[in-house]
Each structure stands twice: as structure tokens, then as C-alpha cells.
Amino acid sequence: MTRQRLLSLALVLTPALLPCWGYRLTGTAIAQETSRPSGVTPSVDSEDEPVDPRLSIEFNRRYQDLRSGSPLSIDWTLTWDGPRLPRGHLDVHVIQGRRVLGRLLSRREIVLTDTGTRFRTLLPPFNTEHDTSSPLDIRAFFISDVGVFPLGERSLRIAGPLRRSFVVAFCEPWQQASSPEELLFTNSLNIEPLVHTAYGRPAMFAGQRLVTTYPARIYPADVPTDPLWLCEFNVLVLLPDGLRNLRRNQLESVARWVDAGGNLCVFIDGNMAALQVDFVNRLARATAEHPRFQLDDDGLPRFRDGPARLHKGLGRVVIHQDSPMEVDFLVSSDWRTSVAFLWNRLRETHDPTAQPVPTPPTREGGLEPGSAQPKAAPSGSGPNTAQPTFSPPGDAVLQSEVKWRLRSVNSLVARLTPDDFEVVPLWLLGLLLIAYIVVIGPVDYLVLGWLGVRKLTWIVFPLMTVAFTLLIVWISHEHMGTSGNVRQLIVRDIGDGGELARENRFDLHLVGSHTTLATSVTRGLFTPIDHRRFLSNGTARSADPFGSGHDSTEPSEYIGTIPVGYTALQDLPQWSPQVNRVFRIAPEEPMPAFDWDSVEPERLATAGTARSRFQVAVQQVFGPRSTAMLFHTNQAARHLGDTSSVPLFPESPRDWFTKAQRRGNRRWTSTSPVNGNDHEPSDFLRDACVRPSRGVFRAVSRVAPHGGDNFEDLALLDPTDRGQWLLVIAVADGDSLLLYRHLYHDRPTAESPTTSQSTASTTSPR
């Protein structure tokens, strides 16, 4: 009789255990097996291994300071003095303090010779905010067929979250000791005066070096043929001798970098070849019939209507036919205007009490771009005060704003979170807890008493505990486990002639079990983003909203050659979202046949025939799941179509990890303006187009591209320039989002009556 009752109890418990047995507790990596070359185990402790006397190393990098958020280049020349020439590959470790930030295992085979073998690679941006007091150490090993050779360690200075560093590169073949004139020229390109003027304090009275500009001197032979290498710099200056020594593929690389948002300053003087003449005319956007740069009968350059300050693609170009080492030139208004233009200085000051000074007209009759100067506002002593003072805040506010982080990154994560991810409801967890208490309490007592075997409670109790534990784990995976489909946000910026200038791709990976993720990248920069540090504007890291404890993505391992072709490996913790960025310049991607140059954005600002025809053209080219938005000054985005079929970014993603907010209960678009108030709602789309006026963005509208993890190089629009318009076309591609952006310069600020009555189409497919 007792045996039959025990059998009945087993039959009752079996269905409850079956779901748990069907679940696999060990996860399977979603990455395919990637062959790793042999290497040395990374360690934070330097062992001070002596370099083999047969191997000599020359570091070709001539500047130690890194631009904030930028990649870093490795350039070594290895010379071997021995009877046998070893061959192998390099293993590079990136270390900061007590943390290993990343590792590169090169597949490229290197043969050491007595004449020297040069090794160059580009390491992606690293997050260095965890230890602001430690430099970035680069430690490398040569893994050869005759043994492992340590290559020593190189330290690079970095700027932590409380400082911002900018780098200006000067290209010239003669790298001798700097003369006083050269130092004056170098210092004239610093960004600090612009920033401190925007905050109301002259740079000479700055108490702290919160914003610093570093010079980098490079030989013409070191100018890369891949524009991604130029992302180390904010501004590139080509001096006459440096320009003359550049080859065609180097000039093409510089032009593509400018199209992607780089800032270039060119000085022309002395004899020039036809190659350099064509390059300057291309920068000046001159035609073959009307060139701006020509050579006279003696082969000397002659630049018409100089200096030139031009928009090219997403970047800016300044061309001078002057001697940069003359003091009169460096203190001239022409050069000061050029420097402000190169740094993308805001057209007007952000001080609400200050008004821009009227600017002199150019030779063409218009205003010189970037030439507006902030005006001093009267102090509080009266309207007739003789000594004006600046009213913006000073260094104290700058110090607090430099560490300010973008507040809307959580809306990006909300947009990319898979729909099949759901936190287990509290009512279900409470029900399971009550059921567990009932089973181990009265049920255990009554059933075992009915069977007459209450002494088995020491077996039934742990068995029920294990069963309910497995049941809760299974339910958690059913709710929080995802299908593995990755959502993407792809931002494609259009340059001159409708060409694709650059592409930013953001992927969010969220897995239900520990996984090794492999991402293949070709001609691009791969940057992991710790989105949790953007959920709080303080320097401390915020708590993980998923409740996964202190788990975070391990440092990435790169196998291959960056940026040509490589694989990035990451260890993804369970239920911990990981956002990755891939940045490319001039990628070869198919583009919709849309005529961007024929669009007149100022006519689309108001409803009418022009907007209706534009909407029809967008639907024809980009498909039914597309819409358009127009950004201008600090106004809210104007929606030029129906956004119901194109989910953009949620307004309030505070509870974005709940299922109810992801399915039908959230508003996808934001229409509230951003005016610098921390309490104003914002979404990632606007912040990615118009950077909030904090930190250096009180002085400049955007920075050159770097592909880093701080999102600062995404902004395009100058909100103080009424002649700029930013058109964004959003396309829903499944659950992913594709954004096409085109920036228009020097447009009319108001629509004329004749324009509004025109019946010409504003845009049409090619």
C-alpha cells in the first residue's frame, strides 16, 4: 500500500519536473569557432623582460597624447641582426592600470630583416574612464617560429572624463626643433580660446586645463592611404612642403576624410605639380572651366579669391596662400576667422543676453562662414557701463559640463531591444513563491502523513526546492530568452553629389546565456559601448538595469589586421545588453536613387505643394515604411510625413525593459525642443543630429569623426546657424532602423513669395 502511494506521488511530481529537464543549463556560443593565432597570456603586471639584443625596435609615433575618444595607431620598425631571419606575427596588449582593455592578434606574417620591417596597425577606441590617473600602456610580443620576443612597452597619455583633448596634425617633411614662429603658429590653432570665450573667460585666466590642444607632427610618408587612420586628428594642416610630397592615394584618403567630417587647412606656396593643383581645385569645388588654383608660366601657384573657407561633404576646408610663420598673418582677422571655421565654431553665442556682431560681407557679397563673434553683454552696474563683461558661466560650469554625458542613450537601447525579451512579472514570481511555501508546508505535512512516511520530509523538502528552482529558471528563460535576432541602427550621412560619406552602425546583442560573439569587420572601426555609464551624468557607473550584478562584457579580442579586415571576439554575459558600434568612411553600399541636391529644405518647413511632392518622392524611392524629418536651429524636428509606420525612438524609456512599454504602449517620436535644460525630454535622434549645448559644444557645433563610444562625432547641425538645415529620412527595415542624413549649408532663412508659388518639384528620383 505504501509503495502504491509513493508511486502516485512520483506521478504527480513528474510533470512539474519535465519542463526543467528539457531546458539546457549550458548555453551555446552564437559565434562560429574562430582560429586564434598563438600568443602570450595578457597580464597587467609588467615583467620587464629584456629585449633580445638581435632585435632593435624603433617607435615611429612622434606624439604621445591621444585625442579623446579616438583610435590609436601603432607604428613600429623591427630590425633583426642574426644569422636566421625569423617569421611570425604580433600579439599586442592594451593595458590601463590594473585592467586589460583589449588585445590584437595579427594574422599577417612578418619576416624580420636586417634592413627593417615596418608594422602598422590601428587599434580601435578604448574606454579609459575607469582609471583616469593611469596612462594607456601598449605591450607587444613577436611570436615567431624561433621563439617569443618581447617588444617592450609604450605609454600614451590620455584624457579622462574630466578633461577633453584635441589633436592638430601638421604635415611637413622637415621635423627639426620648433622655432618661436612655429610655436606661435601651432598655438594659434588651439581650441581653448574658443571654448573659454563661450564660457565667458579668456583662456589666459583659465584655472584648469580642462580642454587642451596637442600638436602632432607627421612626415608626408606617414600620411595614411586609408582615411580611418586620420580619425586620430581633429584638424589636419598641410604645409606647402608637406603637400608637395603627398602621393595620389594619400590625397584621395585626405579628401575622403574631409567628406566624412574632417577639418583640413592647406597652405600653398612654391612649385606645385599638376596632382596637387587638381587636389586643391577639388577641395575648392572648382570646375575645369573655372579653376580657382592655377600655375603661372613660372610654375608658381596662383590662387584666385583667397583665402577660401569652404564646406566639402561633411567637413570643412581652409585654403591660404600666405606664409604661416609670419606674425602679421597669425594675428590677422583672416587667420582668426579661418581657425574658428576649422573648429566648427557656433555661428552665434549661446549667451541669451549676447547678440552676434555683424560680420563683414565677403567678395561674393554673403557672410563669411563661421565669422560671427560673440558680443560682450553689459554687466549689472547699469545700461551705460563702460567696461563690458561676459555673462556666460566660467570655469566652474565648464568643469561640471565636460563630464556631462548624453542622456538619451537609453532611448537608443530601448529602440534596439528585442520584442521577445520580457522581465518575469512580479505576480508570477509571487505565485511561485506562495506555491513553494504551500508545497513544503501543509502539502508536505498532509501528504506524507497520509502516506505514513513523514520521516521522508528530509528527502521531499530538498527535492521540492530543486524542482521549484529549476522551474523558476525555466520560466525566466522563457520570458527573457531572445531569439538571437539583432536589431540595428544604421546612420548613413550623405556628402556632395549624393555620395555616401560615412556610415555608423549600432548593434544591440542580448543573449539568454553566456555567449562568445564574433563580429567580422572590413574597412571599419569596431567599438564596444558600455551604455550603462550614460544612464547617469555622474562619474560613477550606474547600476545595471537588468539586475545582472556586476557582470559586464569582457574586453574585446581582435584577430586580424585593423582596419582592413579582422574579427572582434566578445564574451557576452547572460541577459546583459551590449551595444557595439562599427564606423566606416565611404563604404561601398548601394544607395537609393534620390536627388538630394534638388531638395530645397526651407520650402519643406511649411505645408504646401512642395512638401506634398517631396513626400511622394520619398515614398517612391525609400518605400512605404519611410518618413522624413527636418531639423533647423533649436526648433523641434518637423515631421514631413506619417511616422506611425516607422518606429523611431521612445520619449520616456525609463521602464524600457518591460514588455508592456515595448509593445504598443510607448510613443516612438519626440516633439519637444531641446534647449539645454536637463529636465527637458529628449530622444537619441535629436541628440545625434544636434548636440546639446554642454561642454565644448557651447563653442562648436560638431567635431571630426573618430568612431569612439561617446557619440559626440554624430552631431551635424549648427543650431545657431539659420542657414543650415538637416534633412533626415528614416526607413524601417524589419525591426531595424536606417537613417539617411544630408546637411544643407547657406540656405535662405525665409521662403520668398515667388518660391512658395513655384510649381517645380523639389525632389525627384534619379
# chains A, B, ... in the order shown; residues from 1 in each chain; ligands from 1
call {"tool": "residues_around", "arguments": {"residues": "Thr633 of chain A", "least_positions_apart": "3", "cutoff": "9 Å", "atoms": "only C-alpha atoms", "output": "list in words"}}
result
Ala636, Val690, Leu717, Asp718, Pro719, Thr720, Asp721, Arg722, Gly723, Gln724 and Trp725 of chain A
call {"tool": "select_by_dssp", "arguments": {"residues": "segment 154-258 of chain A", "states": "strand (DSSP E or B)", "output": "JSON list (two decimals) with N, CA, C and O atoms, in the first residue's frame"}}
result
[["chain", "number", "residue", "atom", "x", "y", "z"],
["A", 154, "ARG", "N", 55.08, 50.75, -24.45],
["A", 154, "ARG", "CA", 54.99, 52.16, -24.79],
["A", 154, "ARG", "C", 53.76, 52.74, -24.11],
["A", 154, "ARG", "O", 52.67, 52.17, -24.19],
["A", 155, "SER", "N", 53.92, 53.88, -23.43],
["A", 155, "SER", "CA", 52.82, 54.53, -22.71],
["A", 155, "SER", "C", 52.36, 55.76, -23.47],
["A", 155, "SER", "O", 53.18, 56.53, -24.00],
["A", 156, "LEU", "N", 51.04, 55.95, -23.49],
["A", 156, "LEU", "CA", 50.43, 57.10, -24.15],
["A", 156, "LEU", "C", 49.59, 57.85, -23.14],
["A", 156, "LEU", "O", 48.89, 57.24, -22.33],
["A", 157, "ARG", "N", 49.65, 59.17, -23.20],
["A", 157, "ARG", "CA", 48.87, 59.99, -22.29],
["A", 157, "ARG", "C", 47.43, 60.08, -22.79],
["A", 157, "ARG", "O", 47.17, 60.24, -23.98],
["A", 164, "ARG", "N", 39.11, 67.15, -21.81],
["A", 164, "ARG", "CA", 38.93, 66.88, -23.23],
["A", 164, "ARG", "C", 40.21, 67.26, -23.95],
["A", 164, "ARG", "O", 40.73, 68.36, -23.74],
["A", 165, "SER", "N", 40.71, 66.37, -24.79],
["A", 165, "SER", "CA", 41.93, 66.65, -25.53],
["A", 165, "SER", "C", 41.65, 66.60, -27.03],
["A", 165, "SER", "O", 40.90, 65.74, -27.50],
["A", 166, "PHE", "N", 42.25, 67.53, -27.75],
["A", 166, "PHE", "CA", 42.13, 67.63, -29.19],
["A", 166, "PHE", "C", 43.53, 67.56, -29.79],
["A", 166, "PHE", "O", 44.50, 67.98, -29.16],
["A", 167, "VAL", "N", 43.64, 67.06, -31.02],
["A", 167, "VAL", "CA", 44.94, 66.89, -31.67],
["A", 167, "VAL", "C", 44.88, 67.54, -33.04],
["A", 167, "VAL", "O", 43.96, 67.29, -33.83],
["A", 168, "VAL", "N", 45.86, 68.40, -33.31],
["A", 168, "VAL", "CA", 46.03, 69.04, -34.62],
["A", 168, "VAL", "C", 47.31, 68.49, -35.23],
["A", 168, "VAL", "O", 48.38, 68.57, -34.61],
["A", 169, "ALA", "N", 47.21, 67.91, -36.43],
["A", 169, "ALA", "CA", 48.37, 67.32, -37.10],
["A", 169, "ALA", "C", 48.93, 68.29, -38.11],
["A", 169, "ALA", "O", 48.19, 68.90, -38.90],
["A", 170, "PHE", "N", 50.27, 68.43, -38.11],
["A", 170, "PHE", "CA", 50.97, 69.30, -39.05],
["A", 170, "PHE", "C", 51.84, 68.41, -39.93],
["A", 170, "PHE", "O", 52.72, 67.70, -39.43],
["A", 171, "CYS", "N", 51.61, 68.47, -41.23],
["A", 171, "CYS", "CA", 52.34, 67.62, -42.18],
["A", 171, "CYS", "C", 53.41, 68.45, -42.88],
["A", 171, "CYS", "O", 53.09, 69.40, -43.62],
["A", 211, "VAL", "N", 40.27, 71.67, -21.20],
["A", 211, "VAL", "CA", 40.27, 71.46, -22.65],
["A", 211, "VAL", "C", 41.65, 71.81, -23.16],
["A", 211, "VAL", "O", 42.15, 72.91, -22.92],
["A", 212, "THR", "N", 42.29, 70.88, -23.87],
["A", 212, "THR", "CA", 43.68, 71.06, -24.28],
["A", 212, "THR", "C", 43.85, 70.62, -25.72],
["A", 212, "THR", "O", 43.26, 69.62, -26.14],
["A", 213, "THR", "N", 44.67, 71.37, -26.46],
["A", 213, "THR", "CA", 45.01, 71.02, -27.84],
["A", 213, "THR", "C", 46.48, 70.60, -27.90],
["A", 213, "THR", "O", 47.35, 71.31, -27.39],
["A", 214, "TYR", "N", 46.72, 69.45, -28.52],
["A", 214, "TYR", "CA", 48.08, 68.93, -28.65],
["A", 214, "TYR", "C", 48.48, 68.92, -30.13],
["A", 214, "TYR", "O", 47.68, 68.55, -31.00],
["A", 215, "PRO", "N", 49.72, 69.31, -30.43],
["A", 215, "PRO", "CA", 50.19, 69.22, -31.82],
["A", 215, "PRO", "C", 50.76, 67.83, -32.12],
["A", 215, "PRO", "O", 51.33, 67.17, -31.25],
["A", 216, "ALA", "N", 50.60, 67.40, -33.35],
["A", 216, "ALA", "CA", 51.18, 66.14, -33.82],
["A", 216, "ALA", "C", 51.87, 66.42, -35.15],
["A", 216, "ALA", "O", 51.22, 66.88, -36.10],
["A", 217, "ARG", "N", 53.16, 66.18, -35.21],
["A", 217, "ARG", "CA", 53.91, 66.42, -36.43],
["A", 217, "ARG", "C", 54.12, 65.10, -37.15],
["A", 217, "ARG", "O", 54.63, 64.14, -36.57],
["A", 218, "ILE", "N", 53.72, 65.06, -38.42],
["A", 218, "ILE", "CA", 53.82, 63.83, -39.20],
["A", 218, "ILE", "C", 54.55, 64.11, -40.50],
["A", 218, "ILE", "O", 54.39, 65.18, -41.10],
["A", 235, "VAL", "N", 42.06, 68.22, -36.64],
["A", 235, "VAL", "CA", 42.39, 69.11, -37.75],
["A", 235, "VAL", "C", 43.69, 68.62, -38.37],
["A", 235, "VAL", "O", 44.63, 68.23, -37.65],
["A", 236, "LEU", "N", 43.76, 68.64, -39.69],
["A", 236, "LEU", "CA", 44.99, 68.31, -40.41],
["A", 236, "LEU", "C", 45.44, 69.55, -41.17],
["A", 236, "LEU", "O", 44.66, 70.16, -41.91],
["A", 237, "VAL", "N", 46.71, 69.93, -40.98],
["A", 237, "VAL", "CA", 47.30, 71.10, -41.64],
["A", 237, "VAL", "C", 48.36, 70.61, -42.61],
["A", 237, "VAL", "O", 49.33, 69.97, -42.20],
["A", 238, "LEU", "N", 48.17, 70.90, -43.91],
["A", 238, "LEU", "CA", 49.14, 70.55, -44.93],
["A", 238, "LEU", "C", 49.94, 71.80, -45.27],
["A", 238, "LEU", "O", 49.43, 72.73, -45.90]]
call {"tool": "closest_residue", "arguments": {"among": "A:Asn485, A:Leu431, A:Thr186, A:Asn504", "to": "Ile585 of chain A", "atoms": "only C-alpha atoms"}}
result
A:Asn504
call {"tool": "closest_residue", "arguments": {"among": "A:Leu228, A:Ile191, A:Val44, A:Leu275", "to": "Phe583 of chain A", "atoms": "only C-alpha atoms"}}
result
A:Leu228
call {"tool": "residues_around", "arguments": {"residues": "Leu300 of chain A", "least_positions_apart": "5", "cutoff": "12 Å", "atoms": "only C-alpha atoms", "output": "ChimeraX atom specification"}}
result
/A:240,268-274,277,293-295,321
call {"tool": "write_last_selection", "arguments": {"atoms": "all heavy atoms", "output": "tab-separated table (two decimals), in the first residue's frame"}}
result
chain	number	residue	atom	x	y	z
A	240	PRO	N	53.13	73.77	-47.23
A	240	PRO	CA	53.49	73.66	-48.66
A	240	PRO	C	54.41	72.49	-48.97
A	240	PRO	O	54.18	71.74	-49.92
A	240	PRO	CB	54.15	75.01	-48.95
A	240	PRO	CG	53.51	75.96	-47.99
A	240	PRO	CD	53.29	75.16	-46.74
A	268	ILE	N	49.46	76.87	-49.61
A	268	ILE	CA	50.07	76.66	-50.92
A	268	ILE	C	51.13	77.74	-51.14
A	268	ILE	O	50.93	78.92	-50.89
A	268	ILE	CB	49.02	76.69	-52.05
A	268	ILE	CG1	48.15	77.95	-51.97
A	268	ILE	CG2	48.15	75.45	-51.97
A	268	ILE	CD1	47.12	78.04	-53.08
A	269	ASP	N	52.28	77.29	-51.64
A	269	ASP	CA	53.39	78.20	-51.89
A	269	ASP	C	54.46	77.42	-52.65
A	269	ASP	O	54.59	76.20	-52.49
A	269	ASP	CB	53.96	78.75	-50.59
A	269	ASP	CG	54.96	79.88	-50.83
A	269	ASP	OD1	54.94	80.44	-51.94
A	269	ASP	OD2	55.75	80.18	-49.93
A	270	GLY	N	55.22	78.10	-53.49
A	270	GLY	CA	56.29	77.46	-54.23
A	270	GLY	C	55.79	76.61	-55.38
A	270	GLY	O	54.61	76.64	-55.76
A	271	ASN	N	56.70	75.83	-55.96
A	271	ASN	CA	56.37	75.00	-57.10
A	271	ASN	C	55.39	73.89	-56.70
A	271	ASN	O	55.53	73.27	-55.65
A	271	ASN	CB	57.63	74.38	-57.70
A	271	ASN	CG	58.54	75.44	-58.30
A	271	ASN	OD1	58.06	76.38	-58.92
A	271	ASN	ND2	59.84	75.28	-58.10
A	272	MET	N	54.42	73.66	-57.58
A	272	MET	CA	53.43	72.62	-57.35
A	272	MET	C	53.29	71.77	-58.61
A	272	MET	O	53.42	72.28	-59.73
A	272	MET	CB	52.06	73.23	-56.99
A	272	MET	CG	52.02	73.91	-55.64
A	272	MET	SD	51.95	72.72	-54.28
A	272	MET	CE	52.02	73.85	-52.88
A	273	ALA	N	53.00	70.49	-58.42
A	273	ALA	CA	52.74	69.60	-59.54
A	273	ALA	C	51.27	69.63	-59.89
A	273	ALA	O	50.43	70.10	-59.12
A	273	ALA	CB	53.19	68.17	-59.21
A	274	ALA	N	50.95	69.11	-61.07
A	274	ALA	CA	49.55	69.08	-61.51
A	274	ALA	C	48.69	68.27	-60.56
A	274	ALA	O	47.50	68.57	-60.39
A	274	ALA	CB	49.47	68.53	-62.93
A	277	VAL	N	47.68	70.54	-57.79
A	277	VAL	CA	46.76	71.56	-58.30
A	277	VAL	C	45.35	70.99	-58.44
A	277	VAL	O	44.37	71.62	-58.03
A	277	VAL	CB	47.27	72.11	-59.65
A	277	VAL	CG1	46.24	73.05	-60.27
A	277	VAL	CG2	48.60	72.84	-59.46
A	293	PHE	N	42.60	77.48	-58.66
A	293	PHE	CA	44.02	77.33	-58.39
A	293	PHE	C	44.70	76.95	-59.70
A	293	PHE	O	44.38	75.94	-60.31
A	293	PHE	CB	44.22	76.24	-57.33
A	293	PHE	CG	45.65	76.04	-56.92
A	293	PHE	CD1	46.55	77.10	-56.88
A	293	PHE	CD2	46.11	74.78	-56.57
A	293	PHE	CE1	47.86	76.91	-56.50
A	293	PHE	CE2	47.42	74.59	-56.18
A	293	PHE	CZ	48.30	75.65	-56.15
A	294	GLN	N	45.64	77.78	-60.13
A	294	GLN	CA	46.37	77.54	-61.36
A	294	GLN	C	47.85	77.84	-61.14
A	294	GLN	O	48.25	78.43	-60.13
A	294	GLN	CB	45.83	78.43	-62.49
A	294	GLN	CG	44.42	78.08	-62.94
A	294	GLN	CD	43.92	79.03	-64.01
A	294	GLN	OE1	43.95	80.26	-63.85
A	294	GLN	NE2	43.46	78.47	-65.12
A	295	LEU	N	48.66	77.40	-62.11
A	295	LEU	CA	50.09	77.69	-62.10
A	295	LEU	C	50.38	78.71	-63.19
A	295	LEU	O	49.85	78.62	-64.31
A	295	LEU	CB	50.90	76.41	-62.35
A	295	LEU	CG	50.72	75.28	-61.33
A	295	LEU	CD1	51.56	74.08	-61.73
A	295	LEU	CD2	51.12	75.76	-59.94
A	321	GLN	N	47.02	81.15	-49.26
A	321	GLN	CA	48.28	81.37	-49.97
A	321	GLN	C	49.05	82.46	-49.22
A	321	GLN	O	49.27	83.56	-49.71
A	321	GLN	CB	48.05	81.76	-51.43
A	321	GLN	CG	49.31	81.72	-52.27
A	321	GLN	CD	49.05	81.97	-53.74
A	321	GLN	OE1	47.93	82.30	-54.12
A	321	GLN	NE2	50.07	81.81	-54.57
call {"tool": "closest_residue", "arguments": {"among": "A:Met325, A:Ala605, A:Leu406, A:Ala255", "to": "Leu183 of chain A", "atoms": "only C-alpha atoms"}}
result
A:Met325
call {"tool": "residues_around", "arguments": {"residues": "His531 of chain A", "least_positions_apart": "5", "cutoff": "8 Å", "atoms": "only C-alpha atoms", "output": "ChimeraX atom specification"}}
result
/A:409-410,413,578-579
call {"tool": "residues_around", "arguments": {"residues": "Ile529 of chain A", "least_positions_apart": "2", "cutoff": "10 Å", "atoms": "only C-alpha atoms", "output": "list in words"}}
result
Phe126, Asn127, Phe506, Leu508, Phe526, Thr527, His531, Arg532, Arg533, Phe534, Thr553, Gln578, Val579, Asn580, Arg581, Gly708, Asp709, Asn710 and Phe711 of chain A
call {"tool": "residues_around", "arguments": {"residues": "segment 132-145 of chain A", "least_positions_apart": "2", "cutoff": "7 Å", "atoms": "only C-alpha atoms", "output": "PyMOL selection string"}}
result
chain A and resi 39+86-97+128-130+147-158+160
call {"tool": "closest_residue", "arguments": {"among": "A:Val254, A:Val564, A:Leu714, A:Ile57", "to": "Asp114 of chain A", "atoms": "only C-alpha atoms"}}
result
A:Ile57
